[in-house]
Amino acid sequence: MFSRIGRWSHDHRRLVVGLWLALLLLGGLAAKAVGSAYSGQMTLPAVESSQGLDLLERDFGGHVGGDPATIIFRADAGVADPAVKAAMQEYFDRVAAETGVTVHSPYGPEGLGQTATSGPDAGKVAFARLELPSTVGFGAQKELAAQIRDLQPTVDGVQVEFGGNAFSEAKPPSSELLGLAFAIVILIMAFGSVLAMGLPIGVALAGIGVGSAAIALLSNLIDVPDMATTLGVMIGLGVGIDYALFIVTRYREQLHHGHTVADSVAIAIDTSGRAVAFAGLTVVISLMGMLLMGIDMVRGLGIGAAAVVLVTMVASLTLLPALLGFAKTRVEVTRWRGLVAAGLVAVALVGAGLKVQPLLVGIPLAAVVLVASLALAPLRREVPRRAPKPARDTWAFRWSRLIQHHPWPAMVLSAGFLVLLAVPVLGLRLGFSDQGNDPAGTTTRQAYDLMAEGFGPGYNGPLIVVAELPAGTTQEQLGAVTTALAATPGVAIASPPFTNSPTEPTAVMWRVIPTTSPQDEATTELVRQLRDDVLPSATAGTGLDVKVTGQVAVQTDFSDYLGARLPLFFGVVLGLSFLLLMTVFRSLLVPLKAVVMNLLSIGAAYGVLVAVFQWGWLSGVLGIEPAPIEPFVPMMLFAIVFGLSMDYEVFLLSRVREEWLLTGDAHTSVADGLAATARVITAAAAIMVFVFGAFLLEPNRVVRLMGTGLALAVLLDATIVRMLLVPATMELLGSRNWWIPRWLDRILPRVDVEGPVEEMEQPGEERQLVEVG
């Protein structure tokens, strides 16, 4: 089947390329016409915070339970200055009239406590509390926020800032351009050919384009967070280039063996294409495992990322053979003008990614000079290329033999190093960073700082306590709740009770201001203390069923819910990986080692993330402020990295097994397999590391967290695991690597991810398979 797909795509290359161009165009037009409906809401099952939000929406209206938003202002003359008061109150009235948003002005009857009364900003800072509707989508809330900002007045001596997720100033990332620039350089170094470099880049961009359109369309059917597109681009660029790199490398090998272009394409798809399909489907299945979490936001992230990976995999198996049909043997030729052009493109991408204006202006001028000089003889000459060394003369073969001669020290030291890096994961705290981690120049960060300095950090994340009112509830019983809340350590202010009706109340609520910030661990402990101890004691015998809710409580429940289900998710992915590898390699020990080694590399990456992003190590260098780790990040990293590591695992071990079947030598086959795959795995891993690592330059904390984690995991997997642990452990186990009970071998399905060995050789050459008992 794979051979037929490759040959058909090659023979009908104009049709295939035309179909992909049409798919790109139609997908983009459809996404633009239909639009996207990304969601920023966290919907949870029947946990306490979601029950409280439902109660607020039913009895107090959908505004109260929405995402907290504020307009905070600082006036040099004081907020009570007549001119300031008149201008700001007029602004608040216009916001309420023109947007329909409920505004609680500091100058109104409900504005008690909304003006700073102590500290250097006493009387100079005040805020208006906004109640954005929770019943509309995140996109509609963003539109409301934009309208509110457009109405902002200009008053001398008054600084106005806006707090809340709806006012966040997230900009489209540009770091993928840096990753693309590094990929160009690495691919040219790996291939020595500009045309061979361009093929993986083109396939990855096609997959990302169609995949991004698919995510936008899917957001109208399911809840998809707005960061799904960024994550899709990050993953699609990495896997798209890697998958195409593996296939192009095998295609060039077949050309060197004397096959025709059509045969080389068919064999490349029938061999490396199988491994790409296997690895791609493994990533997709791992990501779809996130459906087990039962949360719409997580489900949307998983489906969106899986869609991009699936489209990119299909592009590698169909579009790439068609492009190879056009390129033919020219993938082996590079001229100096091609190298110069590729260098200019890479520099231009760096300039665009870093927003360096001189580069953006200078590159077009250099391109004009290059085009004008194409006819010059020096630029038309071919770049001289060195003949590749025999596999056993490469550094990879010599390195593998060195490790195999000292397997115990290599295994102990490398495993110990990974365990040491993983130690900080014992202190992992799942939670959400607050807007105190936003970039310094954004309005949400300035609003957060003004609020914390003028009122206290807890004002940035108030809690809401809500309950239905049973018949016969007295004011004394409600007052006892207020007293208990105010007396709780960690509570700065507890409001008096508010009912939903002055005559026939059916529900009551309190606002609670903690003494600590939303992301502080003490705030999370306060939520738990209120639920477990304070409120049950205060309401005993009254019939009041009090719920603690609000944005901070929702985030606490979200983190707890995901944390409780992570072992299930990890178990499913680990079990699936073990079964797939056992089926492919007909072995028990090889998949067991793979699972353990992948756990070590991912654990080490988790440990570094905790040290840097949670504890704040190197914060002065990297500009990262400490905060808890977002609860969906470990799960996303686990799914993606396990799928990617399966890619390298299959590519390396399938060559090792191939050599073992051909020679029967369990020791030399390891070195031969490593030597045959080291160049392409190193290039693929380097591309992944730079593509993912470039996102460390983004201002968005979650994007930086994901990019850093993926880059670290791939780097450790391709170096410590593949270059040290794999050869050391395989040397120690010898032929036992490939042992499997006969009864299990009989019932397992046959899955061949490398295709028939005889097709890979030169036409007419025969190699005899060794019978291994």
# chains A, B, ... in the order shown; residues from 1 in each chain; ligands from 1
>>> residues_around(residues="Leu291 of chain A", least_positions_apart="4", cutoff="9 Å", atoms="only C-alpha atoms", output="VMD selection string")
chain A and resid 287 295 to 296 298 to 300 302 to 303
>>> write_last_selection(atoms="all heavy atoms", output="mmCIF file, in the first residue's frame")
data_model
loop_
_atom_site.group_PDB
_atom_site.id
_atom_site.type_symbol
_atom_site.label_atom_id
_atom_site.label_comp_id
_atom_site.auth_asym_id
_atom_site.auth_seq_id
_atom_site.Cartn_x
_atom_site.Cartn_y
_atom_site.Cartn_z
ATOM 1 N N LEU A 287 -2.096 12.157 21.616
ATOM 2 C CA LEU A 287 -2.806 13.415 21.835
ATOM 3 C C LEU A 287 -4.298 13.177 22.036
ATOM 4 O O LEU A 287 -4.940 13.855 22.854
ATOM 5 C CB LEU A 287 -2.584 14.348 20.638
ATOM 6 C CG LEU A 287 -1.174 14.941 20.518
ATOM 7 C CD1 LEU A 287 -0.982 15.596 19.167
ATOM 8 C CD2 LEU A 287 -0.924 15.958 21.632
ATOM 9 N N ILE A 295 -12.337 17.301 30.014
ATOM 10 C CA ILE A 295 -12.428 18.759 30.104
ATOM 11 C C ILE A 295 -12.401 19.323 28.686
ATOM 12 O O ILE A 295 -11.526 18.974 27.892
ATOM 13 C CB ILE A 295 -11.279 19.345 30.949
ATOM 14 C CG1 ILE A 295 -11.391 18.849 32.389
ATOM 15 C CG2 ILE A 295 -11.284 20.856 30.912
ATOM 16 C CD1 ILE A 295 -10.293 19.338 33.287
ATOM 17 N N ASP A 296 -13.346 20.203 28.374
ATOM 18 C CA ASP A 296 -13.480 20.703 27.008
ATOM 19 C C ASP A 296 -12.214 21.399 26.520
ATOM 20 O O ASP A 296 -11.786 21.212 25.383
ATOM 21 C CB ASP A 296 -14.664 21.671 26.924
ATOM 22 C CG ASP A 296 -15.994 20.947 27.097
ATOM 23 O OD1 ASP A 296 -16.016 19.716 26.933
ATOM 24 O OD2 ASP A 296 -17.002 21.614 27.404
ATOM 25 N N VAL A 298 -9.062 21.008 27.426
ATOM 26 C CA VAL A 298 -7.997 20.031 27.179
ATOM 27 C C VAL A 298 -8.335 19.211 25.940
ATOM 28 O O VAL A 298 -7.460 18.903 25.115
ATOM 29 C CB VAL A 298 -7.811 19.131 28.414
ATOM 30 C CG1 VAL A 298 -6.814 18.028 28.132
ATOM 31 C CG2 VAL A 298 -7.369 19.966 29.605
ATOM 32 N N ARG A 299 -9.599 18.840 25.796
ATOM 33 C CA ARG A 299 -10.019 18.092 24.614
ATOM 34 C C ARG A 299 -9.741 18.897 23.344
ATOM 35 O O ARG A 299 -9.257 18.362 22.347
ATOM 36 C CB ARG A 299 -11.507 17.760 24.722
ATOM 37 C CG ARG A 299 -12.030 16.912 23.577
ATOM 38 C CD ARG A 299 -13.518 16.702 23.683
ATOM 39 N NE ARG A 299 -13.867 15.932 24.871
ATOM 40 C CZ ARG A 299 -14.600 16.398 25.874
ATOM 41 N NH1 ARG A 299 -15.053 17.641 25.833
ATOM 42 N NH2 ARG A 299 -14.890 15.634 26.903
ATOM 43 N N GLY A 300 -10.033 20.188 23.378
ATOM 44 C CA GLY A 300 -9.790 21.036 22.214
ATOM 45 C C GLY A 300 -8.314 21.155 21.874
ATOM 46 O O GLY A 300 -7.931 21.141 20.702
ATOM 47 N N GLY A 302 -5.976 18.906 22.519
ATOM 48 C CA GLY A 302 -5.539 17.631 21.973
ATOM 49 C C GLY A 302 -6.005 17.427 20.551
ATOM 50 O O GLY A 302 -5.218 17.017 19.666
ATOM 51 N N ILE A 303 -7.280 17.713 20.270
ATOM 52 C CA ILE A 303 -7.816 17.520 18.918
ATOM 53 C C ILE A 303 -7.143 18.475 17.937
ATOM 54 O O ILE A 303 -6.804 18.099 16.806
ATOM 55 C CB ILE A 303 -9.342 17.710 18.929
ATOM 56 C CG1 ILE A 303 -10.009 16.588 19.715
ATOM 57 C CG2 ILE A 303 -9.892 17.745 17.507
ATOM 58 C CD1 ILE A 303 -11.508 16.742 19.864
#
>>> select_by_dssp(residues="segment 162-293 of chain A", states="alpha helix (DSSP H)", output="PyMOL selection string")
chain A and resi 175-191+194-218+228-256+261-288
>>> closest_residue(among="A:Arg149, A:Tyr459, A:Pro514, A:Ile687", to="Met189 of chain A", atoms="only C-alpha atoms")
A:Ile687
>>> atom_distance(atom1="atom CA of Val552 of chain A", atom2="atom CA of His104 of chain A")
20.6 Å
>>> closest_residue(among="A:Ala69, A:Leu653, A:Ala216, A:Met313", to="Phe167 of chain A", atoms="only C-alpha atoms")
A:Ala69
>>> closest_residue(among="A:Glu698, A:Glu468, A:Asp647, A:Glu143", to="Gly623 of chain A", atoms="only C-alpha atoms")
A:Glu698
>>> atom_distance(atom1="atom CA of Val419 of chain A", atom2="atom CA of Ala605 of chain A")
10.4 Å
>>> atom_distance(atom1="atom CA of Phe432 of chain A", atom2="atom CA of Gln519 of chain A")
6.2 Å
>>> residues_around(residues="Met509 of chain A", least_positions_apart="6", cutoff="7 Å", atoms="only C-alpha atoms", output="MDAnalysis selection string")
chainID A and resid 464:467 497:499
>>> write_last_selection(atoms="all heavy atoms", output="PDB file, in the first residue's frame")
ATOM      1  N   ILE A 464     -15.582  34.207  45.578  1.00  0.00           N
ATOM      2  CA  ILE A 464     -17.017  34.411  45.746  1.00  0.00           C
ATOM      3  C   ILE A 464     -17.578  33.216  46.497  1.00  0.00           C
ATOM      4  O   ILE A 464     -17.344  32.060  46.115  1.00  0.00           O
ATOM      5  CB  ILE A 464     -17.733  34.573  44.391  1.00  0.00           C
ATOM      6  CG1 ILE A 464     -17.187  35.788  43.640  1.00  0.00           C
ATOM      7  CG2 ILE A 464     -19.238  34.717  44.592  1.00  0.00           C
ATOM      8  CD1 ILE A 464     -17.780  35.968  42.258  1.00  0.00           C
ATOM      9  N   VAL A 465     -18.290  33.491  47.574  1.00  0.00           N
ATOM     10  CA  VAL A 465     -18.941  32.449  48.357  1.00  0.00           C
ATOM     11  C   VAL A 465     -20.445  32.599  48.131  1.00  0.00           C
ATOM     12  O   VAL A 465     -20.996  33.689  48.316  1.00  0.00           O
ATOM     13  CB  VAL A 465     -18.597  32.578  49.853  1.00  0.00           C
ATOM     14  CG1 VAL A 465     -19.327  31.521  50.660  1.00  0.00           C
ATOM     15  CG2 VAL A 465     -17.090  32.458  50.054  1.00  0.00           C
ATOM     16  N   VAL A 466     -21.111  31.541  47.707  1.00  0.00           N
ATOM     17  CA  VAL A 466     -22.512  31.637  47.326  1.00  0.00           C
ATOM     18  C   VAL A 466     -23.279  30.437  47.879  1.00  0.00           C
ATOM     19  O   VAL A 466     -22.710  29.350  48.045  1.00  0.00           O
ATOM     20  CB  VAL A 466     -22.659  31.731  45.795  1.00  0.00           C
ATOM     21  CG1 VAL A 466     -22.113  30.475  45.123  1.00  0.00           C
ATOM     22  CG2 VAL A 466     -24.101  31.983  45.375  1.00  0.00           C
ATOM     23  N   ALA A 467     -24.582  30.652  48.163  1.00  0.00           N
ATOM     24  CA  ALA A 467     -25.413  29.558  48.682  1.00  0.00           C
ATOM     25  C   ALA A 467     -26.873  29.849  48.387  1.00  0.00           C
ATOM     26  O   ALA A 467     -27.286  31.013  48.262  1.00  0.00           O
ATOM     27  CB  ALA A 467     -25.202  29.383  50.180  1.00  0.00           C
ATOM     28  N   PRO A 497     -23.183  39.872  53.598  1.00  0.00           N
ATOM     29  CA  PRO A 497     -23.921  39.062  52.627  1.00  0.00           C
ATOM     30  C   PRO A 497     -24.782  39.923  51.704  1.00  0.00           C
ATOM     31  O   PRO A 497     -25.364  40.920  52.131  1.00  0.00           O
ATOM     32  CB  PRO A 497     -24.785  38.164  53.520  1.00  0.00           C
ATOM     33  CG  PRO A 497     -24.917  38.891  54.814  1.00  0.00           C
ATOM     34  CD  PRO A 497     -23.644  39.659  54.980  1.00  0.00           C
ATOM     35  N   PHE A 498     -24.821  39.509  50.400  1.00  0.00           N
ATOM     36  CA  PHE A 498     -25.678  40.159  49.412  1.00  0.00           C
ATOM     37  C   PHE A 498     -26.703  39.131  48.943  1.00  0.00           C
ATOM     38  O   PHE A 498     -26.327  38.023  48.539  1.00  0.00           O
ATOM     39  CB  PHE A 498     -24.875  40.653  48.205  1.00  0.00           C
ATOM     40  CG  PHE A 498     -23.857  41.700  48.533  1.00  0.00           C
ATOM     41  CD1 PHE A 498     -22.521  41.359  48.695  1.00  0.00           C
ATOM     42  CD2 PHE A 498     -24.224  43.028  48.662  1.00  0.00           C
ATOM     43  CE1 PHE A 498     -21.565  42.322  48.973  1.00  0.00           C
ATOM     44  CE2 PHE A 498     -23.276  43.999  48.952  1.00  0.00           C
ATOM     45  CZ  PHE A 498     -21.950  43.651  49.110  1.00  0.00           C
ATOM     46  N   THR A 499     -27.956  39.492  48.972  1.00  0.00           N
ATOM     47  CA  THR A 499     -28.994  38.588  48.466  1.00  0.00           C
ATOM     48  C   THR A 499     -29.407  39.006  47.064  1.00  0.00           C
ATOM     49  O   THR A 499     -29.158  40.144  46.638  1.00  0.00           O
ATOM     50  CB  THR A 499     -30.224  38.597  49.388  1.00  0.00           C
ATOM     51  OG1 THR A 499     -30.724  39.944  49.492  1.00  0.00           O
ATOM     52  CG2 THR A 499     -29.872  38.064  50.764  1.00  0.00           C
TER      53      THR A 499
END
>>> select_by_dssp(residues="segment 438-544 of chain A", states="strand (DSSP E)", output="VMD selection string")
chain A and resid 463 to 468 491 to 494 498 to 499 507 to 514
>>> residues_around(residues="Ser39 of chain A", least_positions_apart="6", cutoff="12 Å", atoms="only C-alpha atoms", output="list in words")
Ser134, Thr135, Val136, Gly137, Phe138, Gly139, Ala140, Gln141, Lys142, Asn165, Ala166, Ala216, Leu218, Ser219, Asn220, Leu221, Ile222, Asp223, Val224, Pro225, Asp226, Met227, Ala228, Asp296, Met297, Val298, Gly300 and Leu301 of chain A
>>> closest_residue(among="A:Leu320, A:Ala96, A:Ala83, A:Ala611", to="Ile241 of chain A", atoms="only C-alpha atoms")
A:Leu320
>>> closest_atom_pairs(of="segment 20-122 of chain A", to="segment 436-458 of chain A", cutoff="9 Å", atoms="only C-alpha atoms", output="CSV")
residue,atom,partner,partner_atom,distance
A:Thr70,CA,A:Ala447,CA,8.2
A:Ile71,CA,A:Ala447,CA,7.9
A:Ile72,CA,A:Ala447,CA,6.3
A:Phe73,CA,A:Leu450,CA,8.1
A:Arg74,CA,A:Leu450,CA,8.0
A:Gly113,CA,A:Phe455,CA,8.9
A:Gln114,CA,A:Phe455,CA,8.4
A:Thr115,CA,A:Phe455,CA,8.0
A:Ala116,CA,A:Gly454,CA,5.4
A:Thr117,CA,A:Phe455,CA,8.1
A:Ser118,CA,A:Gly454,CA,7.6
A:Gly119,CA,A:Gly454,CA,7.1
A:Pro120,CA,A:Gly454,CA,8.0
A:Asp121,CA,A:Gly454,CA,5.8
A:Ala122,CA,A:Gly454,CA,7.2
>>> residues_around(residues="Leu574 of chain A", least_positions_apart="3", cutoff="12 Å", atoms="only C-alpha atoms", output="PyMOL selection string")
chain A and resi 282+285-286+289+566-571+577-581+591-599+638-639+641-643+646
>>> residues_around(residues="Leu530 of chain A", least_positions_apart="5", cutoff="8 Å", atoms="only C-alpha atoms", output="list of chain:residue names")
A:Leu485, A:Leu535, A:Val548
>>> write_last_selection(atoms="C-alpha atoms", output="PDB file, in the first residue's frame")
ATOM      1  CA  LEU A 485     -14.867  34.317  56.854  1.00  0.00           C
ATOM      2  CA  LEU A 535     -17.668  27.067  56.144  1.00  0.00           C
ATOM      3  CA  VAL A 548     -16.624  28.698  47.128  1.00  0.00           C
TER       4      VAL A 548
END
